[in-house]
>>> print(open('start-v4.cif').read())   # mmCIF, C-alpha atoms
data_target
#
loop_
_atom_site.label_atom_id
_atom_site.label_comp_id
_atom_site.auth_asym_id
_atom_site.auth_seq_id
_atom_site.Cartn_x
_atom_site.Cartn_y
_atom_site.Cartn_z
CA MET A 28 20.88 -24.29 -2.42
CA SER A 29 20.82 -20.61 -1.48
CA ASN A 30 20.88 -19.39 2.11
CA LEU A 31 19.60 -15.97 1.04
CA PRO A 32 16.24 -15.04 2.54
CA HIS A 33 13.29 -14.62 0.18
CA SER A 34 11.68 -11.21 -0.03
CA ILE A 35 8.28 -10.91 1.65
CA VAL A 36 5.36 -8.78 0.44
CA ALA A 37 4.91 -5.74 2.71
CA GLU A 38 2.13 -3.11 2.74
CA THR A 39 3.88 -0.77 0.28
CA ALA A 40 5.76 -3.41 -1.75
CA TYR A 41 6.43 -2.90 -5.43
CA LEU A 42 5.93 -6.28 -7.04
CA THR A 43 5.45 -8.30 -10.18
CA LEU A 44 2.84 -11.04 -10.07
CA HIS A 45 0.35 -13.11 -11.93
CA TYR A 46 -3.15 -13.05 -10.52
CA ARG A 47 -6.58 -14.39 -11.29
CA LEU A 48 -9.91 -13.32 -9.84
CA ALA A 49 -12.72 -15.75 -10.61
CA SER A 50 -16.24 -16.62 -9.55
CA VAL A 51 -16.50 -19.77 -7.44
CA ASP A 52 -17.79 -21.66 -10.49
CA GLY A 53 -14.39 -21.04 -12.13
CA ASN A 54 -15.26 -18.28 -14.61
CA ASP A 55 -12.43 -15.76 -14.84
CA ILE A 56 -13.27 -12.15 -14.06
CA VAL A 57 -9.68 -11.08 -14.71
CA SER A 58 -6.48 -13.07 -15.17
CA THR A 59 -2.89 -12.28 -16.13
CA PHE A 60 -1.72 -15.91 -16.22
CA ALA A 61 -2.11 -16.23 -20.02
CA ASP A 62 -0.45 -12.86 -20.70
CA ASN A 63 2.20 -10.62 -19.20
CA PRO A 64 2.35 -10.41 -15.40
CA ALA A 65 1.19 -7.27 -13.62
CA THR A 66 3.62 -4.89 -11.96
CA LEU A 67 2.18 -2.67 -9.25
CA GLN A 68 2.77 -0.99 -5.93
CA LEU A 69 0.55 -1.94 -3.02
CA GLY A 70 -1.31 0.89 -1.33
CA ASN A 71 -1.84 2.85 -4.57
CA GLY A 72 -5.33 1.56 -5.35
CA GLN A 73 -4.28 -0.69 -8.22
CA LEU A 74 -5.81 -3.69 -6.44
CA ALA A 75 -8.79 -3.70 -4.10
CA PRO A 76 -7.66 -3.48 -0.46
CA PHE A 77 -9.02 -6.95 0.35
CA LEU A 78 -6.91 -8.43 -2.46
CA GLU A 79 -3.81 -6.57 -1.26
CA ALA A 80 -4.42 -7.95 2.25
CA CYS A 81 -4.17 -11.49 0.85
CA LEU A 82 -0.71 -10.71 -0.53
CA ILE A 83 0.85 -9.34 2.68
CA GLY A 84 3.38 -11.79 4.07
CA LEU A 85 3.70 -13.94 0.95
CA ALA A 86 7.23 -14.78 -0.12
CA GLU A 87 8.72 -14.21 -3.54
CA GLY A 88 7.94 -17.29 -5.64
CA ALA A 89 4.81 -18.16 -3.66
CA ARG A 90 1.70 -19.34 -5.48
CA GLN A 91 -1.49 -19.40 -3.45
CA THR A 92 -5.26 -19.49 -3.90
CA PHE A 93 -7.67 -17.70 -1.57
CA GLU A 94 -11.38 -18.49 -1.32
CA LEU A 95 -13.12 -15.24 -0.40
CA PRO A 96 -16.72 -15.18 0.87
CA PRO A 97 -18.70 -12.05 -0.06
CA GLU A 98 -17.95 -10.43 3.32
CA ARG A 99 -14.19 -10.62 2.58
CA ALA A 100 -14.60 -9.56 -1.04
CA PHE A 101 -16.91 -6.81 -2.35
CA GLY A 102 -19.38 -7.22 0.51
CA SER A 103 -22.94 -8.41 0.71
CA ARG A 104 -25.57 -6.92 -1.55
CA ASN A 105 -27.33 -3.98 0.07
CA PRO A 106 -30.97 -3.66 -1.03
CA GLU A 107 -30.89 0.03 -0.01
CA LEU A 108 -28.45 0.64 -2.89
CA VAL A 109 -31.15 -0.21 -5.44
CA ARG A 110 -32.61 3.25 -5.92
CA PRO A 111 -34.96 5.12 -8.23
CA VAL A 112 -33.51 8.05 -10.15
CA SER A 113 -35.68 10.62 -11.89
CA ARG A 114 -35.45 10.79 -15.67
CA LYS A 115 -34.42 14.44 -15.19
CA THR A 116 -31.36 13.38 -13.16
CA LEU A 117 -30.60 10.64 -15.69
CA ASP A 118 -30.84 13.13 -18.56
CA GLU A 119 -28.55 15.59 -16.72
CA ASN A 120 -25.89 12.85 -16.51
CA SER A 121 -26.28 11.70 -20.11
CA GLY A 122 -25.13 12.82 -23.51
CA ALA A 123 -27.68 14.29 -25.89
CA GLY A 124 -29.93 11.55 -27.28
CA GLU A 125 -28.36 8.86 -25.11
CA GLN A 126 -30.34 5.61 -25.15
CA TYR A 127 -30.16 3.05 -22.34
CA ALA A 128 -30.93 -0.64 -22.07
CA ILE A 129 -31.48 -2.76 -18.99
CA GLY A 130 -28.06 -3.85 -17.71
CA ASP A 131 -26.19 -0.72 -18.85
CA MET A 132 -23.68 0.78 -16.42
CA VAL A 133 -24.28 4.53 -16.08
CA GLU A 134 -21.99 7.07 -14.39
CA PHE A 135 -23.37 9.90 -12.31
CA ALA A 136 -21.67 13.07 -11.06
CA ALA A 137 -21.25 13.07 -7.29
CA PRO A 138 -21.11 16.12 -5.05
CA GLY A 139 -17.54 17.37 -4.83
CA GLY A 140 -16.66 16.39 -8.39
CA GLY A 141 -16.47 12.63 -7.98
CA LYS A 142 -18.36 9.99 -9.94
CA PHE A 143 -20.30 6.87 -9.06
CA ALA A 144 -21.94 4.26 -11.23
CA GLY A 145 -25.03 2.08 -11.19
CA VAL A 146 -26.49 -0.68 -13.31
CA LEU A 147 -29.85 0.12 -14.91
CA ARG A 148 -32.50 -2.37 -13.73
CA GLU A 149 -35.80 -0.72 -14.83
CA ILE A 150 -36.79 2.34 -16.82
CA ASP A 151 -40.02 4.10 -17.76
CA SER A 152 -40.95 7.63 -18.83
CA ASP A 153 -40.56 9.11 -15.31
CA THR A 154 -38.06 6.98 -13.41
CA ALA A 155 -35.07 4.71 -13.82
CA VAL A 156 -34.11 2.18 -11.15
CA PHE A 157 -30.38 1.66 -10.62
CA ASP A 158 -28.43 -0.87 -8.62
CA PHE A 159 -25.50 0.98 -7.04
CA ASN A 160 -24.02 -2.15 -5.44
CA HIS A 161 -20.62 -3.20 -6.77
CA PRO A 162 -21.30 -5.65 -9.64
CA LEU A 163 -19.50 -8.39 -7.66
CA ALA A 164 -21.24 -7.67 -4.34
CA GLY A 165 -22.79 -10.75 -2.80
CA GLN A 166 -20.49 -13.12 -4.68
CA ALA A 167 -17.88 -15.46 -3.28
CA LEU A 168 -14.64 -15.18 -5.26
CA THR A 169 -11.45 -17.12 -5.85
CA PHE A 170 -8.19 -15.13 -5.89
CA GLU A 171 -5.14 -16.97 -7.20
CA VAL A 172 -1.74 -15.31 -7.12
CA GLU A 173 1.86 -16.09 -8.02
CA ILE A 174 4.48 -13.67 -6.66
CA ILE A 175 7.20 -13.34 -9.31
CA GLY A 176 9.32 -10.57 -7.84
CA ILE A 177 9.35 -8.09 -4.96
CA LEU A 178 11.30 -4.84 -4.82
#
>>> encode(input="start-v4.cif", output="structure tokens")
Amino acid sequence: MSNLPHSIVAETAYLTLHYRLASVDGNDIVSTFADNPATLQLGNGQLAPFLEACLIGLAEGARQTFELPPERAFGSRNPELVRPVSRKTLDENSGAGEQYAIGDMVEFAAPGGGKFAGVLREIDSDTAVFDFNHPLAGQALTFEVEIIGIL
């Protein structure tokens, strides 16, 4: 038996882990358990901040499951983020001849050079209605993690 202390995940840790993000009904959204583990550095945006927060303080070798209500995950759905967009604006953000179907994710140019995306909910000749909520907003999630190594 070793007397050496186990490494603990800190806010800027570089680590190797398996993780699984799933809906509460058990459907995987993403999982590394069947493939190669992920290697990442916390604080670099590779995982959502709320997922990183779950990892802080876990020891190397730990395996844990977190049940995350919407407020601790991608947030509640905000009805104000379901917005109409003129066909002119849609056309300006589309390739020539681009065709859309309900459910398509469409990227828009943001002021300052950024981008944001919305899911198409309705479309007619004048207007398209987009849902700019995160696709997982309003959903409770399960986050399972196994810490393989910490540097």
>>> resolve_selection(input="start-v4.cif", expression="the PyMOL selection byres ((chain A and resi 43-55) around 10)", output="MDAnalysis selection string")
chainID A and resid 40:42 56:68 78 87:96 163 166:178
>>> atom_distance(input="start-v4.cif", atom1="atom CA of Asp131 of chain A", atom2="atom CA of Phe101 of chain A")
19.9 Å
>>> residues_around(input="start-v4.cif", residues="Ala137 of chain A", least_positions_apart="4", cutoff="12 Å", atoms="only C-alpha atoms", output="list in words")
Thr116, Asn120, Gly141, Lys142, Phe143 and Ala144 of chain A
>>> write_last_selection(input="start-v4.cif", atoms="C-alpha atoms", output="short mmCIF file (atom, residue, chain, number, x, y, z; two decimals), in the frame of the given file")
data_model
loop_
_atom_site.label_atom_id
_atom_site.label_comp_id
_atom_site.auth_asym_id
_atom_site.auth_seq_id
_atom_site.Cartn_x
_atom_site.Cartn_y
_atom_site.Cartn_z
CA THR A 116 -31.36 13.38 -13.16
CA ASN A 120 -25.89 12.85 -16.51
CA GLY A 141 -16.47 12.63 -7.98
CA LYS A 142 -18.36 9.99 -9.94
CA PHE A 143 -20.30 6.87 -9.06
CA ALA A 144 -21.94 4.26 -11.23
#
>>> resolve_selection(input="start-v4.cif", expression="the PyMOL selection byres ((chain A and resi 36) around 7)", output="list in words")
Ser34, Ile35, Ala37, Glu38, Ala40, Leu82, Ile83, Gly84, Leu85, Ala86 and Ile177 of chain A
>>> residues_around(input="start-v4.cif", residues="Asp153 of chain A", least_positions_apart="4", cutoff="10 Å", atoms="all atoms listed in the file", output="compact mmCIF listing (two decimals) with C-alpha atoms, keeping the file's coordinate frame")
# COMPACT_ATOMS: atom_id res chain seq x y z
CA PRO A 111 -34.96 5.12 -8.23
CA VAL A 112 -33.51 8.05 -10.15
CA SER A 113 -35.68 10.62 -11.89
CA ARG A 114 -35.45 10.79 -15.67
CA LYS A 115 -34.42 14.44 -15.19
>>> closest_residue(input="start-v4.cif", among="A:Val146, A:Leu74, A:Ala155, A:Cys81", to="Val133 of chain A", atoms="all atoms listed in the file")
A:Val146
>>> atom_distance(input="start-v4.cif", atom1="atom CA of Asn105 of chain A", atom2="atom CA of His161 of chain A")
9.6 Å
